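Enquirer: One file: final10.csv (CSV, C-alpha atoms).
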chain,number,residue,atom,x,y,z
F,124,MET,CA,0.0,0.0,0.0
F,125,ARG,CA,1.3,3.4,-1.0
F,126,ILE,CA,1.3,6.1,1.7
F,127,SER,CA,1.6,9.6,0.3
F,128,PHE,CA,3.9,12.2,2.0
F,129,GLY,CA,0.9,14.2,2.9
F,130,THR,CA,-0.8,11.3,4.6
F,131,THR,CA,2.4,10.4,6.5
F,132,ARG,CA,2.8,14.0,7.6
F,133,ARG,CA,-0.8,14.2,8.8
F,134,THR,CA,-0.3,10.9,10.8
F,135,ILE,CA,3.1,11.7,12.4
F,136,ALA,CA,2.2,15.3,13.4
F,137,PRO,CA,-0.3,14.3,16.1
F,138,LEU,CA,2.0,11.6,17.5
F,139,LEU,CA,4.9,14.0,17.7
F,140,ALA,CA,2.8,16.5,19.5
F,141,LEU,CA,1.5,13.9,22.0
F,142,PHE,CA,5.1,12.7,22.6
F,143,ILE,CA,6.2,16.3,23.3
F,144,LEU,CA,3.3,17.0,25.6
F,145,SER,CA,3.8,13.7,27.5
F,146,SER,CA,7.6,14.4,27.9
F,147,ALA,CA,6.8,17.9,29.1
F,148,GLY,CA,4.3,16.5,31.6
F,149,ARG,CA,6.8,14.0,32.9
F,150,ALA,CA,9.5,16.7,33.2
F,151,ALA,CA,7.1,19.0,35.0
F,152,GLY,CA,6.1,16.2,37.4
F,153,GLN,CA,9.7,15.5,38.2
F,154,ILE,CA,10.4,19.1,38.7
F,155,ALA,CA,7.4,19.4,41.0
F,156,LEU,CA,8.7,16.4,43.0
F,157,GLN,CA,11.9,18.2,43.8
F,158,SER,CA,10.1,20.7,46.1
F,159,PRO,CA,8.9,19.8,49.7
F,160,PRO,CA,5.5,18.1,49.8
F,161,PRO,CA,2.6,20.5,49.9
F,162,THR,CA,1.2,20.8,53.4
F,163,ASP,CA,-0.8,23.3,55.5
F,164,GLY,CA,2.4,24.0,57.4
F,165,PRO,CA,6.0,22.9,57.6
F,166,VAL,CA,6.9,19.4,56.6
F,167,PRO,CA,7.4,17.3,59.8
F,168,VAL,CA,10.5,15.1,59.6
F,169,GLN,CA,11.2,12.6,62.3
F,170,VAL,CA,14.9,11.9,63.0
F,171,GLY,CA,16.5,9.0,64.7
F,172,LEU,CA,20.0,8.0,65.5
F,173,ASN,CA,21.3,4.5,66.1
F,174,LEU,CA,24.7,4.8,67.7
F,175,ILE,CA,26.8,2.0,66.5
F,176,ASP,CA,30.2,2.8,68.0
F,177,VAL,CA,32.1,5.6,69.7
F,178,VAL,CA,35.6,5.4,68.2
F,179,GLU,CA,37.4,8.0,70.3
F,180,ILE,CA,36.8,10.6,73.0
F,181,ASP,CA,39.5,13.3,72.8
F,182,ASP,CA,39.7,15.3,76.1
F,183,SER,CA,42.3,17.8,74.8
F,184,HIS,CA,40.3,18.8,71.7
F,185,LYS,CA,36.9,18.1,73.3
F,186,THR,CA,35.7,16.0,70.4
F,187,VAL,CA,33.8,12.7,70.0
F,188,GLU,CA,34.3,10.5,66.9
F,189,PHE,CA,31.4,8.1,66.3
F,190,GLU,CA,29.7,5.8,63.9
F,191,ALA,CA,25.9,5.8,63.6
F,192,ILE,CA,22.9,5.1,61.4
F,193,LEU,CA,20.9,8.3,60.8
F,194,THR,CA,17.2,7.7,60.0
F,195,LEU,CA,14.7,10.2,58.6
F,196,LEU,CA,11.0,9.6,58.2
F,197,TRP,CA,8.5,11.8,56.4
F,198,THR,CA,5.4,11.5,54.1
F,199,ASP,CA,5.0,12.6,50.5
F,200,GLU,CA,1.6,11.7,49.2
F,201,ARG,CA,2.7,12.6,45.6
F,202,LEU,CA,4.7,9.3,45.7
F,203,ARG,CA,1.8,7.1,46.6
F,204,PHE,CA,1.4,3.9,44.5
F,205,ASP,CA,-0.8,0.8,44.2
F,206,PRO,CA,1.0,-2.3,45.3
F,207,LEU,CA,-1.1,-4.4,42.9
F,208,GLU,CA,0.0,-2.4,39.9
F,209,VAL,CA,3.7,-2.1,41.0
F,210,GLY,CA,3.8,-5.7,42.2
F,211,THR,CA,5.5,-5.0,45.6
F,212,ASP,CA,4.5,-3.6,49.0
F,213,GLU,CA,7.6,-1.5,49.2
F,214,ILE,CA,10.0,0.3,46.8
F,215,VAL,CA,13.6,0.2,47.9
F,216,TYR,CA,16.4,2.4,46.5
F,217,GLN,CA,19.8,1.1,47.8
F,218,GLY,CA,23.1,2.8,47.2
F,219,ASP,CA,24.2,6.2,45.9
F,220,TYR,CA,23.3,5.3,42.3
F,221,GLN,CA,19.8,4.1,42.9
F,222,PHE,CA,19.0,6.9,45.3
F,223,SER,CA,20.5,9.7,43.1
F,224,GLU,CA,19.8,8.5,39.6
F,225,ILE,CA,16.7,6.3,39.8
F,226,GLY,CA,14.8,7.6,42.8
F,227,THR,CA,12.6,10.6,42.5
F,228,GLY,CA,11.2,13.0,45.0
F,229,TRP,CA,12.3,15.6,47.5
F,230,TRP,CA,14.3,14.6,50.6
F,231,PRO,CA,15.6,16.6,53.6
F,232,GLN,CA,19.3,16.8,53.8
F,233,LEU,CA,20.8,17.2,57.3
F,234,PHE,CA,24.2,18.2,58.5
F,235,LEU,CA,26.0,17.9,61.8
F,236,ARG,CA,25.9,21.4,63.3
F,237,ASN,CA,28.8,20.8,65.8
F,238,ALA,CA,30.9,18.8,63.4
F,239,SER,CA,34.7,19.0,63.7
F,240,GLY,CA,36.5,17.5,60.8
F,241,THR,CA,35.1,15.2,58.1
F,242,TYR,CA,31.6,13.8,57.8
F,243,GLU,CA,31.7,10.5,55.9
F,244,ARG,CA,28.6,8.8,54.5
F,245,GLN,CA,29.3,5.1,54.1
F,246,GLY,CA,25.9,3.7,52.9
F,247,ILE,CA,22.4,4.9,51.9
F,248,LEU,CA,19.0,3.3,51.8
F,249,LEU,CA,15.5,4.7,50.9
F,250,ARG,CA,12.2,2.8,51.5
F,251,LEU,CA,8.9,4.0,50.0
F,252,SER,CA,5.6,2.7,51.3
F,253,PRO,CA,2.3,2.7,49.3
F,254,ASP,CA,0.9,5.5,51.4
F,255,GLY,CA,3.9,7.8,50.5
F,256,THR,CA,5.8,7.3,53.8
F,257,LEU,CA,9.5,7.4,53.2
F,258,ARG,CA,12.3,6.1,55.5
F,259,TYR,CA,15.8,7.3,54.6
F,260,GLU,CA,18.8,5.7,56.3
F,261,GLU,CA,22.5,6.5,56.0
F,262,GLU,CA,25.5,5.1,57.8
F,263,ILE,CA,27.8,7.9,58.9
F,264,ARG,CA,31.2,8.4,60.6
F,265,ALA,CA,31.8,11.8,61.9
F,266,THR,CA,33.6,13.8,64.6
F,267,ALA,CA,31.6,16.2,66.8
F,268,GLU,CA,32.9,19.0,68.9
F,269,VAL,CA,31.2,18.7,72.4
F,270,GLU,CA,31.2,20.6,75.6
F,271,MET,CA,33.2,18.9,78.4
F,272,ASP,CA,33.6,19.9,82.0
F,273,LEU,CA,36.9,18.3,83.0
F,274,ARG,CA,37.3,19.8,86.4
F,275,ARG,CA,36.4,16.5,88.1
F,276,ILE,CA,38.7,14.3,86.1
F,277,PRO,CA,39.1,11.3,86.7
F,278,PHE,CA,35.7,11.2,88.4
F,279,ASP,CA,33.8,13.2,85.7
F,280,VAL,CA,30.6,12.4,84.0
F,281,GLN,CA,30.1,14.1,80.6
F,282,GLU,CA,27.0,14.7,78.5
F,283,PHE,CA,27.7,14.6,74.8
F,284,ASP,CA,25.4,16.2,72.2
F,285,LEU,CA,25.2,15.4,68.5
F,286,ILE,CA,23.1,18.2,66.8
F,287,PHE,CA,21.6,17.7,63.4
F,288,GLU,CA,20.0,20.6,61.4
F,289,PRO,CA,18.3,20.7,58.0
F,290,LEU,CA,20.3,22.3,55.2
F,291,GLY,CA,18.6,25.3,53.5
F,292,PHE,CA,15.1,25.1,55.2
F,293,ASP,CA,13.8,27.1,58.1
F,294,ALA,CA,11.1,26.2,60.6
F,295,SER,CA,8.4,27.5,58.3
F,296,GLU,CA,9.3,24.9,55.7
F,297,VAL,CA,10.7,21.9,57.6
F,298,VAL,CA,10.4,20.9,61.3
F,299,LEU,CA,12.6,18.2,62.7
F,300,GLU,CA,11.2,16.0,65.5
F,301,PRO,CA,13.0,13.3,67.5
F,302,ALA,CA,12.0,9.7,66.7
F,303,PRO,CA,12.4,7.7,69.9
F,304,ASP,CA,11.7,4.3,68.2
F,305,TRP,CA,14.7,4.8,65.9
F,306,THR,CA,17.0,6.2,68.5
F,307,SER,CA,19.2,3.7,70.4
F,308,VAL,CA,22.7,2.6,71.4
F,309,ARG,CA,24.1,-0.8,70.5
F,310,SER,CA,25.4,-1.5,73.9
F,311,ASP,CA,26.8,-4.8,72.9
F,312,ASN,CA,29.1,-3.1,70.3
F,313,VAL,CA,29.6,0.4,71.7
F,314,SER,CA,32.7,0.7,73.9
F,315,VAL,CA,35.5,3.1,74.4
F,316,LYS,CA,38.5,3.0,76.6
F,317,GLN,CA,38.1,4.4,80.1
F,318,TRP,CA,34.4,5.3,79.5
F,319,SER,CA,31.0,3.8,80.2
F,320,LEU,CA,28.2,5.1,78.0
F,321,GLY,CA,24.5,5.5,78.9
F,322,MET,CA,21.3,5.5,76.8
F,323,ILE,CA,20.9,8.1,74.1
F,324,THR,CA,17.9,10.4,73.9
F,325,GLY,CA,16.7,12.9,71.3
F,326,SER,CA,15.2,16.4,71.9
F,327,GLN,CA,14.1,19.2,69.6
F,328,LEU,CA,15.9,22.5,69.5
F,329,GLU,CA,14.8,25.8,68.0
F,330,ASP,CA,17.2,28.6,67.2
F,331,ALA,CA,16.8,32.1,65.9
F,332,VAL,CA,19.5,33.1,63.4
F,333,LEU,CA,20.0,36.8,62.6
F,334,MET,CA,20.7,37.2,58.9
F,335,LYS,CA,22.9,40.0,57.5
F,336,SER,CA,19.8,41.6,55.9
F,337,GLY,CA,18.3,41.9,59.4
F,338,ARG,CA,15.8,39.1,58.9
F,339,VAL,CA,15.5,36.6,61.7
F,340,MET,CA,15.4,33.0,60.5
F,341,VAL,CA,14.1,30.3,62.9
F,342,VAL,CA,15.4,26.8,62.3
F,343,THR,CA,14.7,23.6,64.1
F,344,ALA,CA,17.3,20.9,65.0
F,345,VAL,CA,17.4,17.6,66.8
F,346,ALA,CA,20.0,17.0,69.5
F,347,PHE,CA,20.9,13.4,70.5
F,348,SER,CA,22.5,13.3,73.9
F,349,PHE,CA,24.1,10.4,75.8
F,350,PRO,CA,26.0,10.4,79.1
F,351,ALA,CA,29.5,9.1,79.4
F,352,GLU,CA,31.1,8.3,82.8
F,353,ARG,CA,34.9,8.0,83.0
F,354,ASN,CA,36.3,4.9,84.6
F,355,PRO,CA,38.9,6.3,87.1
F,356,GLY,CA,40.7,3.0,87.6
F,357,PHE,CA,43.5,3.7,85.0
F,358,LEU,CA,44.4,7.2,86.3
F,359,LEU,CA,44.2,6.1,89.9
F,360,ARG,CA,46.5,3.1,89.3
F,361,VAL,CA,49.0,5.0,87.2
F,362,ILE,CA,49.0,8.5,88.9
F,363,VAL,CA,47.2,8.7,92.2
F,364,ILE,CA,48.4,5.6,94.0
F,365,PRO,CA,52.1,5.9,93.1
F,366,LEU,CA,52.1,9.5,94.1
F,367,LEU,CA,50.5,8.7,97.4
F,368,ILE,CA,53.2,6.1,98.1
F,369,LEU,CA,55.9,8.6,97.1
F,370,VAL,CA,54.6,11.4,99.4
F,371,ALA,CA,54.3,8.9,102.3
F,372,LEU,CA,57.9,7.8,101.8
F,373,SER,CA,59.1,11.4,102.0
F,374,TRP,CA,57.8,11.5,105.5
F,375,SER,CA,60.5,9.0,106.6
F,376,VAL,CA,62.8,12.0,107.2
F,377,PHE,CA,60.8,12.8,110.4
F,378,TRP,CA,62.2,9.5,111.9
F,379,MET,CA,65.8,10.3,111.0
F,380,ALA,CA,68.3,11.8,113.4
F,381,THR,CA,68.4,15.5,113.5
F,382,SER,CA,72.2,15.4,112.9
F,383,GLN,CA,71.7,13.8,109.5
F,384,LEU,CA,70.5,17.0,107.8
F,385,SER,CA,72.3,16.3,104.5
F,386,ASP,CA,70.6,12.9,104.2
F,387,ARG,CA,67.3,14.3,105.1
F,388,MET,CA,67.6,17.0,102.5
F,389,ALA,CA,68.7,14.5,99.9
F,390,ILE,CA,65.6,12.4,100.5
F,391,SER,CA,63.3,15.5,100.4
F,392,PHE,CA,64.8,16.9,97.2
F,393,LEU,CA,64.8,13.5,95.6
F,394,GLY,CA,61.1,13.3,96.3
F,395,ILE,CA,60.5,16.8,94.8
F,396,LEU,CA,62.5,15.9,91.6
F,397,THR,CA,60.7,12.6,91.3
F,398,VAL,CA,57.3,14.4,91.5
F,399,VAL,CA,58.4,16.9,88.9
F,400,ALA,CA,59.6,14.1,86.6
F,401,PHE,CA,56.4,12.2,87.3
F,402,GLN,CA,54.3,15.2,86.5
F,403,ILE,CA,56.1,15.6,83.1
F,404,VAL,CA,55.4,12.0,82.2
F,405,VAL,CA,51.7,12.0,83.3
F,406,SER,CA,51.0,15.3,81.6
F,407,GLU,CA,50.9,13.4,78.3
F,408,MET,CA,48.0,11.3,79.7
F,409,LEU,CA,45.9,14.4,80.8
F,410,PRO,CA,44.1,16.9,78.7
F,411,ARG,CA,46.0,20.1,78.1
F,412,ILE,CA,43.5,22.6,79.5
F,413,PRO,CA,44.2,25.8,81.4
F,414,ASN,CA,41.7,25.1,84.2
F,415,PHE,CA,42.6,23.4,87.4
F,416,THR,CA,41.1,19.9,87.9
F,417,ILE,CA,41.0,17.5,90.9
F,418,LEU,CA,43.9,15.6,89.6
F,419,SER,CA,46.1,18.7,88.9
F,420,SER,CA,45.2,20.1,92.3
F,421,PHE,CA,46.2,16.9,93.9
F,422,LEU,CA,49.6,16.9,92.1
F,423,LEU,CA,50.2,20.6,93.1
F,424,PHE,CA,49.2,19.9,96.7
F,425,SER,CA,51.6,16.9,96.9
F,426,TYR,CA,54.4,19.0,95.5
F,427,LEU,CA,53.8,21.8,98.0
F,428,LEU,CA,53.8,19.3,100.9
F,429,LEU,CA,57.1,18.0,99.7
F,430,VAL,CA,58.5,21.5,99.7
F,431,ALA,CA,57.1,21.9,103.2
F,432,SER,CA,59.2,18.9,104.3
F,433,VAL,CA,62.3,20.7,103.0
F,434,VAL,CA,61.4,23.7,105.1
F,435,GLU,CA,61.0,21.5,108.2
F,436,ASN,CA,64.4,19.9,107.6
F,437,LEU,CA,66.0,23.3,107.5
F,438,ARG,CA,64.2,24.3,110.7
F,439,VAL,CA,65.4,21.2,112.5
F,440,GLY,CA,68.9,21.8,111.2
F,441,ALA,CA,68.9,25.3,112.6
F,442,LEU,CA,67.7,24.1,116.0
F,443,ASP,CA,70.4,21.4,116.0
F,444,GLN,CA,73.1,24.0,115.3
F,445,ALA,CA,71.7,26.2,118.1
F,446,GLY,CA,72.0,23.3,120.5
F,447,ARG,CA,68.3,22.9,120.9
F,448,PHE,CA,68.2,19.2,120.2
F,449,GLU,CA,65.0,18.5,122.1
F,450,ALA,CA,63.1,21.2,120.2
F,451,GLY,CA,64.2,19.7,116.9
F,452,ASN,CA,63.1,16.2,118.1
F,453,ARG,CA,59.8,17.6,119.3
F,454,LEU,CA,59.2,19.2,115.9
F,455,ASP,CA,59.9,15.9,114.2
F,456,ARG,CA,57.5,14.1,116.5
F,457,ARG,CA,54.8,16.6,115.7
F,458,CYS,CA,55.3,16.4,111.9
F,459,ARG,CA,55.0,12.6,112.0
F,460,TRP,CA,51.3,13.0,112.5
F,461,LEU,CA,50.8,16.6,111.3
F,462,PHE,CA,51.9,16.0,107.7
F,463,PRO,CA,49.7,13.0,107.1
F,464,LEU,CA,46.8,14.8,108.7
F,465,ILE,CA,47.3,17.9,106.5
F,466,PHE,CA,47.6,15.7,103.4
F,467,LEU,CA,44.4,13.9,104.2
F,468,VAL,CA,42.4,17.0,105.1
F,469,GLY,CA,43.8,18.9,102.1
F,470,ASN,CA,42.7,16.3,99.7
F,471,VAL,CA,39.3,16.0,101.2
F,472,VAL,CA,38.9,19.8,100.9
F,473,ILE,CA,40.0,19.5,97.2
F,474,VAL,CA,37.4,16.8,96.5
F,475,LEU,CA,34.6,18.7,98.3
F,476,PHE,CA,35.5,21.9,96.5
F,477,TYR,CA,35.1,20.4,93.0
F,478,PHE,CA,32.1,18.3,93.7
F,479,VAL,CA,30.2,20.9,95.7
F,480,THR,CA,30.9,23.9,93.5
Turn the structure described in the file into structure tokens.
Expert:
Amino acid sequence: MRISFGTTRRTIAPLLALFILSSAGRAAGQIALQSPPPTDGPVPVQVGLNLIDVVEIDDSHKTVEFEAILTLLWTDERLRFDPLEVGTDEIVYQGDYQFSEIGTGWWPQLFLRNASGTYERQGILLRLSPDGTLRYEEEIRATAEVEMDLRRIPFDVQEFDLIFEPLGFDASEVVLEPAPDWTSVRSDNVSVKQWSLGMITGSQLEDAVLMKSGRVMVVTAVAFSFPAERNPGFLLRVIVIPLLILVALSWSVFWMATSQLSDRMAISFLGILTVVAFQIVVSEMLPRIPNFTILSSFLLFSYLLLVASVVENLRVGALDQAGRFEAGNRLDRRCRWLFPLIFLVGNVVIVLFYFVT
């Protein structure tokens, strides 16, 4: 059968127009899906955090390196589908390629507000239910800068906050809410040296940000908090107990004869030099902060008490040279119980000061 050019032109023209219109419709639909779901108010997004591991807690830099699974849940009715037509009860996009290239629709991107260093995303998964409910999960490894009160080290208990905020959307567009059902700590896997971790909880934050134009932008965030209690056993074994023994041994000069002034001074100065060397070594184990802590106060008080024993030796030597042997012996007898008492009372006062204040 012969088909004239005019007939062919009249047949192809409507088909070409229909193809252009359908392509434009699909493009417009895809563009529309890139915006947040239309709602009466801001889009509610539930956020959960499953803490997998705490890699390191750095006292000096006040940072926490962790691994976790971040979960976001929201609803977009534009993505509703019929399970009978699709042939599945759930559409799953797994991996960066499927999520970025094949998946369609808007999704809230969060960032770690108190991040310090890199933020690595190691895996991604998106689940779409027939009613348009989406569950987005990503495995992350990041380092967060946290507030730490180290005055009570090694008996301190810290509260670490991991704060997540939406990127590019204020509270009038997106509202973050904690998702308790998706917030947990894998206690069987989470462990970090010298620390015991507690349960993690989520809370909503709302901040007002003053823009350069003078406009005040209100944003919501979710803070995941978990307590961490330091195990003092290591520092007590390595620092406190050896120093207690060293200070107690320095009191042996009070039982030495007053005529042995050179030997007494040698022992006292040896104790001072040992404490100084000991302090240099243990300084590598302690956070380098300008504030005094229980441990640093204990070291300083021990050092001052050793210096006081040197002063006592000089006083006994002066009494011995003046022929007042009994006065020197009496001073030694008093110092045998006075120095331990001062050491005990002083350390109790130090502990009470830091824990009460």
Enquirer: When distances are computed from all atoms listed in the file, which of F:Glu261, F:Pro253, F:Trp229, F:Leu475 shows the smallest separation from Gln217 of chain F?
Expert: F:Glu261
Enquirer: Using Å and a single decimal, report how far atom CA of Gln221 of chain F sits from atom CA of Leu193 of chain F.
Expert: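 If I compute the distance from atom CA of Leu193 of chain F to atom CA of Gln221 of chain F, I get 18.4 Å.
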Enquirer: Go through F:Tyr426, F:Phe189, F:Phe392, F:Phe421 one by one, measure the shortest atom-to-atom distance of each to Ser314 of chain F using all atoms listed in the file, and give the residue with the smallest value.
Expert: F:Phe189
Enquirer: If we count all atoms listed in the file and set the cut-off at 7 Å, which residues sit around segment 238-241 of chain F, ignoring sequence neighbours fewer than 3 positions away in its own chain? Please answer as an mmCIF file with C-alpha atoms, keeping the file's coordinate frame.
Expert:
data_model
loop_
_atom_site.group_PDB
_atom_site.id
_atom_site.type_symbol
_atom_site.label_atom_id
_atom_site.label_comp_id
_atom_site.auth_asym_id
_atom_site.auth_seq_id
_atom_site.Cartn_x
_atom_site.Cartn_y
_atom_site.Cartn_z
ATOM 1 C CA LEU F 235 26.000 17.900 61.800
ATOM 2 C CA ALA F 265 31.800 11.800 61.900
ATOM 3 C CA THR F 266 33.600 13.800 64.600
ATOM 4 C CA ALA F 267 31.600 16.200 66.800
ATOM 5 C CA GLU F 268 32.900 19.000 68.900
#
Enquirer: May I have the residues within 7 Å of Thr324 of chain F as a count of residues only, using all atoms listed in the file and disregarding those fewer than 3 positions away in the same chain?
Expert: 4
Enquirer: Could the residues of segment 236-266 of chain F that have an atom at most 12 Å from segment 161-169 of chain F be listed as JSON lines, each with its closest atom pair and the distance in Å to one decimal, counting all atoms listed in the file and ordered by chain and ascending residue number?
Expert:
{"residue": "F:Thr256", "atom": "CA", "partner": "F:Val168", "partner_atom": "CA", "distance": 10.8}
{"residue": "F:Leu257", "atom": "CA", "partner": "F:Val168", "partner_atom": "CA", "distance": 10.1}
{"residue": "F:Arg258", "atom": "CA", "partner": "F:Gln169", "partner_atom": "CA", "distance": 9.5}
{"residue": "F:Tyr259", "atom": "CA", "partner": "F:Gln169", "partner_atom": "CA", "distance": 10.4}
{"residue": "F:Glu260", "atom": "CA", "partner": "F:Gln169", "partner_atom": "CA", "distance": 11.9}
Enquirer: Write to file, as a CSV table (one decimal), keeping the file's coordinate frame, the residues of the selection just made, with C-alpha atoms.
Expert:
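After the write, part-v2.csv holds the following:
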chain,number,residue,atom,x,y,z
F,256,THR,CA,5.8,7.3,53.8
F,257,LEU,CA,9.5,7.4,53.2
F,258,ARG,CA,12.3,6.1,55.5
F,259,TYR,CA,15.8,7.3,54.6
F,260,GLU,CA,18.8,5.7,56.3
Enquirer: Leaving out Arg203 of chain F and any residue of its chain fewer than 4 positions from it, which residues lie within 9 Å of it when counting all atoms listed in the file, given as a list in words?
Expert: Asp199, Leu251, Ser252, Pro253, Asp254, Gly255 and Thr256 of chain F
Enquirer: Hey, can you check how far atom CA of Ile412 of chain F sits from atom CA of Glu352 of chain F?
Expert: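 Going from atom CA of Ile412 of chain F over to atom CA of Glu352 of chain F covers 19.2 Å.
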Enquirer: Here is a test: counting only C-alpha atoms, which residue of F:Gln281, F:Ser373, F:Thr343, F:Gln444 is nearest to Ser326 of chain F?
Expert: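 That would be F:Thr343, the residue with the smallest distance to Ser326 of chain F.
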Enquirer: Excluding Asn173 of chain F and residues on its chain fewer than 5 positions from it, collect all residues at most 6 Å away from it, counting all atoms listed in the file, and give them as a PDB file with C-alpha atoms, keeping the file's coordinate frame.
Expert:
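Contents of part15.pdb, as written:
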ATOM      1  CA  ALA F 191      25.900   5.800  63.600  1.00  0.00           C
ATOM      2  CA  ILE F 192      22.900   5.100  61.400  1.00  0.00           C
ATOM      3  CA  THR F 306      17.000   6.200  68.500  1.00  0.00           C
ATOM      4  CA  SER F 307      19.200   3.700  70.400  1.00  0.00           C
ATOM      5  CA  VAL F 308      22.700   2.600  71.400  1.00  0.00           C
TER       6      VAL F 308
END
Enquirer: If I take atom CA of Thr397 of chain F and atom CA of Pro355 of chain F, how far is one from the other in Å, to one decimal?
Expert: 23.1 Å
Enquirer: Would you kindly return, as number ranges by chain, each protein, DNA or RNA residue with an atom no farther than 9 Å from any atom of Asn436 of chain F, considering only C-alpha atoms and excluding same-chain residues fewer than 6 positions away?
Expert: F: 376-377, 381, 384, 387-388, 391, 455
Enquirer: Identify which of the residues F:Ile395, F:Leu195, F:Val332, F:Leu437 lies closest to Glu300 of chain F, counting all atoms listed in the file when measuring atom-to-atom distances.
Expert: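 Closest residue, counting all atoms listed in the file: F:Leu195.
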